[in-house]
file start00.cif (mmCIF, C-alpha atoms)
data_start
#
loop_
_atom_site.group_PDB
_atom_site.id
_atom_site.type_symbol
_atom_site.label_atom_id
_atom_site.label_comp_id
_atom_site.auth_asym_id
_atom_site.auth_seq_id
_atom_site.Cartn_x
_atom_site.Cartn_y
_atom_site.Cartn_z
ATOM 1 C CA MET A 130 59.486 -35.317 -87.460
ATOM 2 C CA THR A 131 61.260 -37.390 -84.801
ATOM 3 C CA ARG A 132 63.660 -35.335 -82.741
ATOM 4 C CA GLN A 133 67.177 -36.704 -82.459
ATOM 5 C CA PRO A 134 68.182 -37.773 -78.949
ATOM 6 C CA THR A 135 70.166 -35.306 -76.898
ATOM 7 C CA PHE A 136 72.304 -35.554 -73.812
ATOM 8 C CA THR A 137 70.438 -34.621 -70.641
ATOM 9 C CA PRO A 138 72.439 -32.346 -68.308
ATOM 10 C CA PRO A 139 73.220 -33.880 -64.908
ATOM 11 C CA PRO A 140 70.892 -33.023 -62.012
ATOM 12 C CA GLY A 141 71.382 -29.419 -60.964
ATOM 13 C CA ALA A 142 73.138 -28.471 -64.214
ATOM 14 C CA ARG A 143 71.914 -26.515 -67.199
ATOM 15 C CA ALA A 144 73.029 -26.355 -70.813
ATOM 16 C CA TYR A 145 73.202 -22.990 -72.569
ATOM 17 C CA PRO A 146 75.386 -20.916 -74.930
ATOM 18 C CA LEU A 147 78.071 -18.975 -73.068
ATOM 19 C CA ARG A 148 78.447 -15.586 -74.739
ATOM 20 C CA THR A 149 82.031 -14.344 -75.070
ATOM 21 C CA THR A 150 83.978 -11.764 -77.034
ATOM 22 C CA ARG A 151 84.894 -14.569 -79.454
ATOM 23 C CA GLY A 152 81.398 -15.906 -80.009
ATOM 24 C CA GLU A 153 79.121 -18.348 -78.233
ATOM 25 C CA PHE A 154 80.236 -21.694 -76.823
ATOM 26 C CA ALA A 155 77.932 -24.481 -75.681
ATOM 27 C CA VAL A 156 78.413 -25.285 -71.990
ATOM 28 C CA VAL A 157 76.995 -27.467 -69.248
ATOM 29 C CA ASP A 158 77.111 -25.415 -66.053
ATOM 30 C CA SER A 159 76.424 -26.736 -62.548
ATOM 31 C CA SER A 160 76.356 -24.807 -59.275
ATOM 32 C CA PRO A 161 77.658 -25.929 -55.880
ATOM 33 C CA ARG A 162 75.194 -28.067 -53.979
ATOM 34 C CA ALA A 163 72.783 -26.128 -51.765
ATOM 35 C CA GLY A 164 74.307 -25.729 -48.329
ATOM 36 C CA ALA A 165 77.870 -26.418 -49.462
ATOM 37 C CA GLU A 166 80.559 -23.815 -48.878
ATOM 38 C CA VAL A 167 81.232 -22.133 -52.215
ATOM 39 C CA ARG A 168 84.868 -22.812 -53.021
ATOM 40 C CA GLY A 169 85.419 -21.887 -56.640
ATOM 41 C CA VAL A 170 84.758 -22.396 -60.351
ATOM 42 C CA ALA A 171 86.265 -24.959 -62.717
ATOM 43 C CA LEU A 172 86.404 -24.606 -66.505
ATOM 44 C CA MET A 173 86.755 -27.987 -68.249
ATOM 45 C CA LEU A 174 87.947 -28.611 -71.821
ATOM 46 C CA PRO A 175 87.269 -31.961 -73.549
ATOM 47 C CA GLY A 176 89.548 -34.043 -75.729
ATOM 48 C CA PHE A 177 89.749 -35.001 -79.398
ATOM 49 C CA THR A 178 86.317 -36.049 -80.781
ATOM 50 C CA GLY A 179 84.942 -35.442 -77.271
ATOM 51 C CA SER A 180 82.531 -32.923 -75.808
ATOM 52 C CA LYS A 181 81.427 -31.231 -72.620
ATOM 53 C CA GLU A 182 79.366 -34.333 -71.798
ATOM 54 C CA ASP A 183 82.581 -36.255 -71.072
ATOM 55 C CA PHE A 184 82.633 -34.488 -67.682
ATOM 56 C CA GLY A 185 78.999 -35.298 -66.915
ATOM 57 C CA LEU A 186 79.754 -37.593 -63.980
ATOM 58 C CA LEU A 187 81.927 -34.970 -62.244
ATOM 59 C CA HIS A 188 79.297 -32.253 -61.763
ATOM 60 C CA GLU A 189 77.497 -33.750 -58.780
ATOM 61 C CA PRO A 190 80.501 -34.828 -56.687
ATOM 62 C CA LEU A 191 82.322 -31.555 -57.360
ATOM 63 C CA GLY A 192 79.176 -29.598 -56.553
ATOM 64 C CA ALA A 193 79.032 -31.430 -53.233
ATOM 65 C CA ARG A 194 82.538 -30.126 -52.518
ATOM 66 C CA GLY A 195 81.445 -26.549 -53.260
ATOM 67 C CA TYR A 196 82.640 -26.157 -56.841
ATOM 68 C CA ARG A 197 80.793 -24.755 -59.816
ATOM 69 C CA VAL A 198 81.700 -26.739 -62.932
ATOM 70 C CA VAL A 199 81.506 -25.288 -66.441
ATOM 71 C CA ALA A 200 82.255 -27.858 -69.145
ATOM 72 C CA VAL A 201 82.564 -26.421 -72.638
ATOM 73 C CA ASP A 202 82.488 -27.536 -76.263
ATOM 74 C CA GLY A 203 85.380 -25.830 -78.004
ATOM 75 C CA ARG A 204 85.045 -24.111 -81.362
ATOM 76 C CA GLY A 205 83.734 -26.655 -83.881
ATOM 77 C CA GLN A 206 83.121 -29.327 -81.231
ATOM 78 C CA TYR A 207 79.619 -30.841 -81.038
ATOM 79 C CA GLU A 208 77.272 -27.939 -80.148
ATOM 80 C CA SER A 209 79.723 -25.028 -80.547
ATOM 81 C CA ASP A 210 79.742 -23.587 -84.038
ATOM 82 C CA GLY A 211 82.759 -23.148 -86.269
ATOM 83 C CA PRO A 212 83.697 -23.297 -89.959
ATOM 84 C CA ALA A 213 83.335 -26.712 -91.579
ATOM 85 C CA ASP A 214 86.235 -26.378 -94.009
ATOM 86 C CA ASP A 215 88.611 -23.639 -92.790
ATOM 87 C CA GLU A 216 91.303 -25.265 -90.672
ATOM 88 C CA THR A 217 92.963 -21.937 -89.847
ATOM 89 C CA ALA A 218 90.117 -21.200 -87.414
ATOM 90 C CA TYR A 219 91.325 -24.148 -85.342
ATOM 91 C CA ALA A 220 94.979 -23.224 -85.012
ATOM 92 C CA GLN A 221 96.020 -23.940 -81.439
ATOM 93 C CA ARG A 222 96.587 -20.257 -80.682
ATOM 94 C CA GLU A 223 93.041 -19.464 -81.836
ATOM 95 C CA LEU A 224 91.604 -22.196 -79.622
ATOM 96 C CA ALA A 225 93.690 -20.915 -76.716
ATOM 97 C CA ARG A 226 92.326 -17.408 -77.221
ATOM 98 C CA ASP A 227 88.826 -18.926 -77.107
ATOM 99 C CA VAL A 228 89.629 -20.378 -73.676
ATOM 100 C CA LEU A 229 90.776 -16.983 -72.412
ATOM 101 C CA ALA A 230 87.498 -15.488 -73.652
ATOM 102 C CA GLN A 231 85.493 -18.241 -71.936
ATOM 103 C CA ALA A 232 87.287 -17.594 -68.658
ATOM 104 C CA ALA A 233 86.696 -13.855 -68.999
ATOM 105 C CA ALA A 234 82.994 -14.435 -69.620
ATOM 106 C CA LEU A 235 82.711 -16.345 -66.345
ATOM 107 C CA GLY A 236 83.925 -13.228 -64.585
ATOM 108 C CA VAL A 237 86.029 -14.853 -61.856
ATOM 109 C CA PRO A 238 89.407 -16.617 -61.711
ATOM 110 C CA VAL A 239 88.921 -20.294 -62.556
ATOM 111 C CA HIS A 240 90.592 -23.648 -62.077
ATOM 112 C CA LEU A 241 91.376 -24.792 -65.624
ATOM 113 C CA VAL A 242 91.087 -28.492 -66.485
ATOM 114 C CA GLY A 243 91.935 -30.007 -69.871
ATOM 115 C CA HIS A 244 91.501 -33.626 -70.915
ATOM 116 C CA SER A 245 93.892 -34.997 -73.554
ATOM 117 C CA LEU A 246 93.755 -32.551 -76.505
ATOM 118 C CA GLY A 247 91.967 -30.175 -74.148
ATOM 119 C CA GLY A 248 95.004 -30.251 -71.887
ATOM 120 C CA GLN A 249 97.282 -29.086 -74.666
ATOM 121 C CA ILE A 250 94.853 -26.294 -75.569
ATOM 122 C CA ALA A 251 94.656 -25.367 -71.868
ATOM 123 C CA ARG A 252 98.448 -25.265 -71.709
ATOM 124 C CA ALA A 253 98.553 -22.951 -74.735
ATOM 125 C CA ALA A 254 96.003 -20.648 -73.072
ATOM 126 C CA VAL A 255 98.017 -20.490 -69.848
ATOM 127 C CA LEU A 256 101.160 -19.714 -71.825
ATOM 128 C CA LEU A 257 99.360 -16.818 -73.530
ATOM 129 C CA ASP A 258 98.000 -15.385 -70.266
ATOM 130 C CA HIS A 259 97.896 -17.172 -66.925
ATOM 131 C CA SER A 260 96.149 -14.361 -65.042
ATOM 132 C CA PRO A 261 92.548 -15.694 -65.393
ATOM 133 C CA PHE A 262 93.500 -19.022 -63.824
ATOM 134 C CA LEU A 263 93.954 -20.260 -60.277
ATOM 135 C CA SER A 264 95.470 -23.590 -61.300
ATOM 136 C CA LEU A 265 95.936 -25.935 -64.252
ATOM 137 C CA THR A 266 95.068 -29.640 -64.223
ATOM 138 C CA LEU A 267 96.179 -31.782 -67.153
ATOM 139 C CA VAL A 268 94.048 -34.939 -67.348
ATOM 140 C CA SER A 269 95.647 -37.712 -69.420
ATOM 141 C CA SER A 270 97.436 -35.043 -71.441
ATOM 142 C CA GLY A 271 101.136 -35.359 -72.123
ATOM 143 C CA PRO A 272 104.123 -33.131 -72.804
ATOM 144 C CA ALA A 273 104.308 -33.435 -76.587
ATOM 145 C CA GLU A 274 102.945 -35.526 -79.465
ATOM 146 C CA ILE A 275 100.855 -38.622 -78.835
ATOM 147 C CA SER A 276 102.272 -42.150 -79.040
ATOM 148 C CA LEU A 277 103.130 -43.744 -82.389
ATOM 149 C CA SER A 278 100.187 -46.142 -82.286
ATOM 150 C CA GLN A 279 97.802 -43.267 -81.627
ATOM 151 C CA ARG A 280 99.392 -41.120 -84.351
ATOM 152 C CA GLN A 281 98.701 -43.973 -86.772
ATOM 153 C CA ARG A 282 95.052 -44.145 -85.667
ATOM 154 C CA VAL A 283 94.582 -40.393 -85.931
ATOM 155 C CA LYS A 284 96.134 -40.467 -89.402
ATOM 156 C CA LEU A 285 93.622 -43.135 -90.457
ATOM 157 C CA LEU A 286 90.810 -40.915 -89.218
ATOM 158 C CA ARG A 287 92.196 -37.835 -90.956
ATOM 159 C CA ASP A 288 92.686 -39.787 -94.211
ATOM 160 C CA ALA A 289 89.091 -41.008 -94.018
ATOM 161 C CA LEU A 290 87.756 -37.495 -93.402
ATOM 162 C CA ALA A 291 89.615 -36.263 -96.486
ATOM 163 C CA VAL A 292 87.555 -38.515 -98.788
ATOM 164 C CA MET A 293 84.384 -39.429 -96.860
ATOM 165 C CA SER A 294 81.485 -37.583 -95.288
ATOM 166 C CA MET A 295 81.074 -37.495 -91.514
ATOM 167 C CA GLU A 296 78.137 -39.905 -91.868
ATOM 168 C CA LYS A 297 80.172 -42.406 -93.886
ATOM 169 C CA VAL A 298 83.102 -42.203 -91.464
ATOM 170 C CA TRP A 299 80.734 -42.940 -88.572
ATOM 171 C CA GLU A 300 79.363 -45.963 -90.413
ATOM 172 C CA ALA A 301 82.917 -47.206 -90.946
ATOM 173 C CA ILE A 302 83.750 -46.685 -87.274
ATOM 174 C CA GLU A 303 80.681 -48.646 -86.179
ATOM 175 C CA ALA A 304 81.503 -51.449 -88.612
ATOM 176 C CA MET A 305 84.934 -51.827 -87.017
ATOM 177 C CA GLY A 306 83.561 -51.908 -83.472
ATOM 178 C CA PRO A 307 84.510 -49.548 -80.616
ATOM 179 C CA PRO A 308 87.568 -47.591 -81.815
ATOM 180 C CA GLU A 309 90.773 -47.189 -79.844
ATOM 181 C CA GLU A 310 91.913 -43.869 -81.237
ATOM 182 C CA VAL A 311 92.259 -40.895 -78.960
ATOM 183 C CA GLY A 312 88.851 -40.122 -77.466
ATOM 184 C CA GLY A 313 87.269 -42.521 -79.940
ATOM 185 C CA PRO A 314 83.951 -41.058 -81.150
ATOM 186 C CA ALA A 315 81.999 -44.293 -80.691
ATOM 187 C CA ARG A 316 83.018 -44.471 -77.042
ATOM 188 C CA GLY A 317 81.832 -42.248 -74.249
ATOM 189 C CA LEU A 318 78.926 -41.468 -71.959
ATOM 190 C CA GLY A 319 75.658 -42.015 -73.807
ATOM 191 C CA ASP A 320 74.062 -44.486 -76.195
ATOM 192 C CA GLN A 321 75.139 -44.948 -79.805
ATOM 193 C CA ALA A 322 72.442 -42.604 -81.118
ATOM 194 C CA GLN A 323 73.665 -39.824 -78.823
ATOM 195 C CA LEU A 324 77.307 -40.466 -79.676
ATOM 196 C CA ARG A 325 76.496 -40.484 -83.385
ATOM 197 C CA ARG A 326 74.759 -37.112 -83.034
ATOM 198 C CA ARG A 327 77.775 -35.765 -81.172
ATOM 199 C CA TRP A 328 80.121 -37.001 -83.893
ATOM 200 C CA LEU A 329 78.008 -35.412 -86.629
ATOM 201 C CA GLY A 330 78.043 -32.137 -84.698
ATOM 202 C CA HIS A 331 81.815 -31.862 -85.010
ATOM 203 C CA LYS A 332 83.182 -29.788 -87.862
ATOM 204 C CA PRO A 333 85.503 -31.770 -90.159
ATOM 205 C CA ALA A 334 88.056 -28.937 -90.208
ATOM 206 C CA GLN A 335 88.228 -29.009 -86.410
ATOM 207 C CA LEU A 336 88.997 -32.736 -86.416
ATOM 208 C CA LEU A 337 91.576 -32.400 -89.187
ATOM 209 C CA ALA A 338 93.367 -29.458 -87.563
ATOM 210 C CA THR A 339 93.373 -30.765 -83.999
ATOM 211 C CA GLY A 340 94.291 -34.275 -85.125
ATOM 212 C CA ARG A 341 97.358 -32.788 -86.801
ATOM 213 C CA GLN A 342 98.179 -30.871 -83.617
ATOM 214 C CA LEU A 343 98.120 -34.063 -81.547
ATOM 215 C CA CYS A 344 100.569 -35.659 -83.960
ATOM 216 C CA THR A 345 103.028 -32.746 -84.056
ATOM 217 C CA GLU A 346 102.777 -30.990 -80.657
ATOM 218 C CA PRO A 347 106.229 -29.921 -79.363
ATOM 219 C CA ASP A 348 107.369 -30.332 -75.789
ATOM 220 C CA ARG A 349 106.571 -27.052 -73.981
ATOM 221 C CA VAL A 350 106.943 -28.290 -70.414
ATOM 222 C CA ALA A 351 109.896 -26.005 -69.648
ATOM 223 C CA GLU A 352 107.845 -22.973 -70.744
ATOM 224 C CA LEU A 353 104.913 -24.071 -68.627
ATOM 225 C CA ALA A 354 107.087 -24.737 -65.578
ATOM 226 C CA ALA A 355 108.064 -21.057 -65.599
ATOM 227 C CA VAL A 356 104.429 -19.976 -65.144
ATOM 228 C CA PRO A 357 103.552 -19.154 -61.508
ATOM 229 C CA LEU A 358 100.546 -21.457 -61.156
ATOM 230 C CA PRO A 359 99.871 -24.662 -59.196
ATOM 231 C CA PHE A 360 99.883 -27.654 -61.551
ATOM 232 C CA HIS A 361 98.207 -31.039 -61.285
ATOM 233 C CA VAL A 362 98.848 -34.027 -63.552
ATOM 234 C CA LEU A 363 96.045 -36.586 -63.305
ATOM 235 C CA SER A 364 95.729 -39.824 -65.258
ATOM 236 C CA GLY A 365 94.486 -43.361 -65.153
ATOM 237 C CA ALA A 366 96.784 -46.221 -64.202
ATOM 238 C CA HIS A 367 97.116 -47.185 -67.877
ATOM 239 C CA ASP A 368 97.202 -44.964 -70.952
ATOM 240 C CA ASP A 369 98.067 -45.822 -74.560
ATOM 241 C CA THR A 370 98.002 -42.194 -75.675
ATOM 242 C CA TRP A 371 100.788 -40.952 -73.412
ATOM 243 C CA PRO A 372 102.352 -43.755 -71.340
ATOM 244 C CA VAL A 373 102.026 -43.213 -67.599
ATOM 245 C CA ALA A 374 105.820 -43.035 -67.187
ATOM 246 C CA ILE A 375 105.869 -40.032 -69.535
ATOM 247 C CA LEU A 376 103.137 -38.354 -67.491
ATOM 248 C CA ASP A 377 105.107 -39.078 -64.295
ATOM 249 C CA ASP A 378 108.171 -37.412 -65.795
ATOM 250 C CA MET A 379 106.154 -34.394 -66.939
ATOM 251 C CA ALA A 380 104.728 -33.973 -63.447
ATOM 252 C CA ALA A 381 108.231 -34.034 -61.983
ATOM 253 C CA ARG A 382 109.422 -31.427 -64.471
ATOM 254 C CA LEU A 383 106.472 -29.198 -63.541
ATOM 255 C CA SER A 384 106.840 -29.823 -59.790
ATOM 256 C CA ALA A 385 103.166 -30.712 -60.123
ATOM 257 C CA HIS A 386 100.832 -32.558 -57.821
ATOM 258 C CA ARG A 387 100.409 -36.058 -59.278
ATOM 259 C CA THR A 388 97.339 -38.298 -59.161
ATOM 260 C CA VAL A 389 97.039 -41.792 -60.649
ATOM 261 C CA VAL A 390 93.458 -43.042 -60.601
ATOM 262 C CA MET A 391 93.380 -46.805 -60.218
ATOM 263 C CA GLY A 392 90.973 -48.686 -62.463
ATOM 264 C CA ALA A 393 90.988 -45.896 -65.042
ATOM 265 C CA GLU A 394 92.587 -45.546 -68.455
ATOM 266 C CA HIS A 395 92.630 -42.549 -70.816
ATOM 267 C CA SER A 396 89.398 -41.034 -69.468
ATOM 268 C CA PRO A 397 89.436 -41.184 -65.658
ATOM 269 C CA ASN A 398 86.612 -38.627 -65.613
ATOM 270 C CA ALA A 399 84.376 -41.310 -67.175
ATOM 271 C CA ASP A 400 86.087 -44.509 -65.959
ATOM 272 C CA GLN A 401 86.343 -43.564 -62.276
ATOM 273 C CA PRO A 402 84.478 -40.283 -61.754
ATOM 274 C CA LEU A 403 84.249 -40.319 -57.946
ATOM 275 C CA PRO A 404 87.986 -40.722 -57.200
ATOM 276 C CA THR A 405 88.723 -38.318 -60.054
ATOM 277 C CA ALA A 406 86.392 -35.685 -58.592
ATOM 278 C CA ARG A 407 87.866 -36.230 -55.133
ATOM 279 C CA ALA A 408 91.404 -35.750 -56.460
ATOM 280 C CA LEU A 409 90.426 -32.569 -58.312
ATOM 281 C CA ALA A 410 88.654 -31.041 -55.309
ATOM 282 C CA ASP A 411 91.463 -32.001 -52.928
ATOM 283 C CA PHE A 412 93.982 -30.300 -55.225
ATOM 284 C CA TRP A 413 91.877 -27.173 -55.623
ATOM 285 C CA ASP A 414 91.299 -26.997 -51.885
ATOM 286 C CA SER A 415 95.061 -27.168 -51.361
ATOM 287 C CA THR A 416 95.583 -24.077 -53.538
ATOM 288 C CA ARG A 417 93.255 -21.866 -51.542
ATOM 289 C CA VAL A 418 94.873 -19.004 -49.683
ATOM 290 C CA ALA A 419 94.145 -19.282 -45.956
#
call {"tool": "encode", "arguments": {"input": "start00.cif", "output": "structure tokens"}}
result
Amino acid sequence: MTRQPTFTPPPGARAYPLRTTRGEFAVVDSSPRAGAEVRGVALMLPGFTGSKEDFGLLHEPLGARGYRVVAVDGRGQYESDGPADDETAYAQRELARDVLAQAAALGVPVHLVGHSLGGQIARAAVLLDHSPFLSLTLVSSGPAEISLSQRQRVKLLRDALAVMSMEKVWEAIEAMGPPEEVGGPARGLGDQAQLRRRWLGHKPAQLLATGRQLCTEPDRVAELAAVPLPFHVLSGAHDDTWPVAILDDMAARLSAHRTVVMGAEHSPNADQPLPTARALADFWDSTRVA
């Protein structure tokens, strides 16, 4: 039997199941580069239809700056298990509690990073309990629901999932060419066989529930601004999911550090990994107590 292709962890990283009080979660975990001053740990949450591999190009440059990076598949994402049909397991509060358990399992305070949907889950976790976190970085993740054009694309995906298998939806996506929906499953780091395997690893209920969350998320910026943590809003120079002007305004409301990565769009971690890693490490360094 031919084994399906898998993603290879970046040099110096390993993939394994992180055991927590809320079950096991698939992670890619990289240590600081040998000889680098150890500066901290980052926990990274991927976006809609994404996975831990979306941060693959950040491990090496962040390791060179002294940071351990733990990128995680959330419940029902790619290699982390979850129910296929029960959407209640993917309520935002449940996913936020998963993040708190992941942080606890790492055993040290962490810098929390969330991309797109992952940013809104990260925000929910911080609002439940900020004590495990040293900072929060929202990467291309806005204050409330996604843009109208993206809501329409997510609705198309959710409608398709209601009547088609994951395999048939993938075939439809490929027939249309690279999709433009949030974190489009046929786009990302890896070849089409790897991306197909990632897509098929997602649980339909996770996609349905989190897609609905993206389309209905309320503005909770005022709540977040009251949390005593350093905040960082990072994005590309162009974003169809949350326009850059909206991200600028959110950063101002949070009194957050703001980074715009030139030459990047909705996924600066993949589009421009080196300046993205530099901006993350510079921010984390700035939060260290002398």
call {"tool": "closest_residue", "arguments": {"input": "start00.cif", "among": "A:Leu329, A:Leu191, A:Ala366, A:Met173", "to": "His395 in chain A", "atoms": "all atoms listed in the file"}}
result
A:Ala366
call {"tool": "residues_around", "arguments": {"input": "start00.cif", "residues": "Arg194 in chain A", "least_positions_apart": "5", "cutoff": "10 Å", "atoms": "all atoms listed in the file", "output": "list in words"}}
result
Pro161, Arg162, Ala165, Glu166, Val167, Arg168, Gly169, Glu189, Ala406, Arg407, Ala410, Asp411 and Asp414 of chain A
call {"tool": "resolve_selection", "arguments": {"input": "start00.cif", "expression": "the PyMOL selection byres ((chain A and resi 379) around 10)", "output": "ChimeraX atom specification"}}
result
/A:270-273,348,350-351,354,362,373-378,380-385,387
call {"tool": "closest_residue", "arguments": {"input": "start00.cif", "among": "A:Ala232, A:Ser209, A:Leu353, A:Gln249", "to": "Arg327 in chain A", "atoms": "only C-alpha atoms"}}
result
A:Ser209
call {"tool": "residues_around", "arguments": {"input": "start00.cif", "residues": "Gly179 in chain A", "least_positions_apart": "4", "cutoff": "12 Å", "atoms": "all atoms listed in the file", "output": "JSON, numbers by chain"}}
result
{"A": [173, 174, 175, 183, 184, 185, 200, 201, 202, 203, 205, 206, 207, 208, 243, 244, 245, 246, 247, 310, 311, 312, 313, 314, 315, 316, 317, 318, 319, 324, 325, 326, 327, 328, 329, 330, 331, 335, 336, 339, 396, 399]}
call {"tool": "closest_residue", "arguments": {"input": "start00.cif", "among": "A:Arg197, A:Arg417, A:Arg226, A:His367", "to": "Glu394 in chain A", "atoms": "only C-alpha atoms"}}
result
A:His367
call {"tool": "residues_around", "arguments": {"input": "start00.cif", "residues": "range 256-269 of chain A", "least_positions_apart": "2", "cutoff": "6 Å", "atoms": "only C-alpha atoms", "output": "PDB file with C-alpha atoms, in the coordinates of the input"}}
result
ATOM      1  CA  PRO A 238      89.407 -16.617 -61.711  1.00  0.00           C
ATOM      2  CA  VAL A 239      88.921 -20.294 -62.556  1.00  0.00           C
ATOM      3  CA  HIS A 240      90.592 -23.648 -62.077  1.00  0.00           C
ATOM      4  CA  LEU A 241      91.376 -24.792 -65.624  1.00  0.00           C
ATOM      5  CA  VAL A 242      91.087 -28.492 -66.485  1.00  0.00           C
ATOM      6  CA  GLY A 243      91.935 -30.007 -69.871  1.00  0.00           C
ATOM      7  CA  HIS A 244      91.501 -33.626 -70.915  1.00  0.00           C
ATOM      8  CA  SER A 245      93.892 -34.997 -73.554  1.00  0.00           C
ATOM      9  CA  GLY A 248      95.004 -30.251 -71.887  1.00  0.00           C
ATOM     10  CA  ALA A 253      98.553 -22.951 -74.735  1.00  0.00           C
ATOM     11  CA  ALA A 254      96.003 -20.648 -73.072  1.00  0.00           C
ATOM     12  CA  LEU A 358     100.546 -21.457 -61.156  1.00  0.00           C
ATOM     13  CA  PRO A 359      99.871 -24.662 -59.196  1.00  0.00           C
ATOM     14  CA  PHE A 360      99.883 -27.654 -61.551  1.00  0.00           C
ATOM     15  CA  HIS A 361      98.207 -31.039 -61.285  1.00  0.00           C
ATOM     16  CA  VAL A 362      98.848 -34.027 -63.552  1.00  0.00           C
ATOM     17  CA  LEU A 363      96.045 -36.586 -63.305  1.00  0.00           C
ATOM     18  CA  SER A 364      95.729 -39.824 -65.258  1.00  0.00           C
ATOM     19  CA  HIS A 395      92.630 -42.549 -70.816  1.00  0.00           C
TER      20      HIS A 395
END
call {"tool": "atom_distance", "arguments": {"input": "start00.cif", "atom1": "CA of Ile275 in chain A", "atom2": "CA of Pro347 in chain A"}}
result
10.2 Å
call {"tool": "atom_distance", "arguments": {"input": "start00.cif", "atom1": "CA of Ala301 in chain A", "atom2": "CA of Ala289 in chain A"}}
result
9.3 Å
call {"tool": "residues_around", "arguments": {"input": "start00.cif", "residues": "range 283-287 of chain A", "least_positions_apart": "4", "cutoff": "7 Å", "atoms": "all atoms listed in the file", "output": "PyMOL selection string"}}
result
chain A and resi 279+291+310+337+340
call {"tool": "resolve_selection", "arguments": {"input": "start00.cif", "expression": "the PyMOL selection byres ((chain A and resi 198) around 7)", "output": "MDAnalysis selection string"}}
result
chainID A and resid 158:160 170:172 188 196:197 199:200
call {"tool": "write_last_selection", "arguments": {"input": "start00.cif", "atoms": "C-alpha atoms", "output": "PDB file, in the coordinates of the input"}}
result
ATOM      1  CA  ASP A 158      77.111 -25.415 -66.053  1.00  0.00           C
ATOM      2  CA  SER A 159      76.424 -26.736 -62.548  1.00  0.00           C
ATOM      3  CA  SER A 160      76.356 -24.807 -59.275  1.00  0.00           C
ATOM      4  CA  VAL A 170      84.758 -22.396 -60.351  1.00  0.00           C
ATOM      5  CA  ALA A 171      86.265 -24.959 -62.717  1.00  0.00           C
ATOM      6  CA  LEU A 172      86.404 -24.606 -66.505  1.00  0.00           C
ATOM      7  CA  HIS A 188      79.297 -32.253 -61.763  1.00  0.00           C
ATOM      8  CA  TYR A 196      82.640 -26.157 -56.841  1.00  0.00           C
ATOM      9  CA  ARG A 197      80.793 -24.755 -59.816  1.00  0.00           C
ATOM     10  CA  VAL A 199      81.506 -25.288 -66.441  1.00  0.00           C
ATOM     11  CA  ALA A 200      82.255 -27.858 -69.145  1.00  0.00           C
TER      12      ALA A 200
END
call {"tool": "axis_aligned_box", "arguments": {"input": "start00.cif", "around": "range 202-209 of chain A", "padding_each_side": "8 Å", "output": "AutoDock Vina command-line options"}}
result
--center_x 81.3 --center_y -27.5 --center_z -80.1 --size_x 24.1 --size_y 22.7 --size_z 23.6
call {"tool": "residues_around", "arguments": {"input": "start00.cif", "residues": "Arg148 in chain A", "least_positions_apart": "4", "cutoff": "12 Å", "atoms": "all atoms listed in the file", "output": "NGL selection string"}}
result
:A and (152-156 or 201 or 209 or 227 or 230-236)
call {"tool": "write_last_selection", "arguments": {"input": "start00.cif", "atoms": "C-alpha atoms", "output": "PDB file, in the frame of the given file"}}
result
ATOM      1  CA  GLY A 152      81.398 -15.906 -80.009  1.00  0.00           C
ATOM      2  CA  GLU A 153      79.121 -18.348 -78.233  1.00  0.00           C
ATOM      3  CA  PHE A 154      80.236 -21.694 -76.823  1.00  0.00           C
ATOM      4  CA  ALA A 155      77.932 -24.481 -75.681  1.00  0.00           C
ATOM      5  CA  VAL A 156      78.413 -25.285 -71.990  1.00  0.00           C
ATOM      6  CA  VAL A 201      82.564 -26.421 -72.638  1.00  0.00           C
ATOM      7  CA  SER A 209      79.723 -25.028 -80.547  1.00  0.00           C
ATOM      8  CA  ASP A 227      88.826 -18.926 -77.107  1.00  0.00           C
ATOM      9  CA  ALA A 230      87.498 -15.488 -73.652  1.00  0.00           C
ATOM     10  CA  GLN A 231      85.493 -18.241 -71.936  1.00  0.00           C
ATOM     11  CA  ALA A 232      87.287 -17.594 -68.658  1.00  0.00           C
ATOM     12  CA  ALA A 233      86.696 -13.855 -68.999  1.00  0.00           C
ATOM     13  CA  ALA A 234      82.994 -14.435 -69.620  1.00  0.00           C
ATOM     14  CA  LEU A 235      82.711 -16.345 -66.345  1.00  0.00           C
ATOM     15  CA  GLY A 236      83.925 -13.228 -64.585  1.00  0.00           C
TER      16      GLY A 236
END
call {"tool": "atom_distance", "arguments": {"input": "start00.cif", "atom1": "CA of Ala142 in chain A", "atom2": "CA of Leu186 in chain A"}}
result
11.3 Å
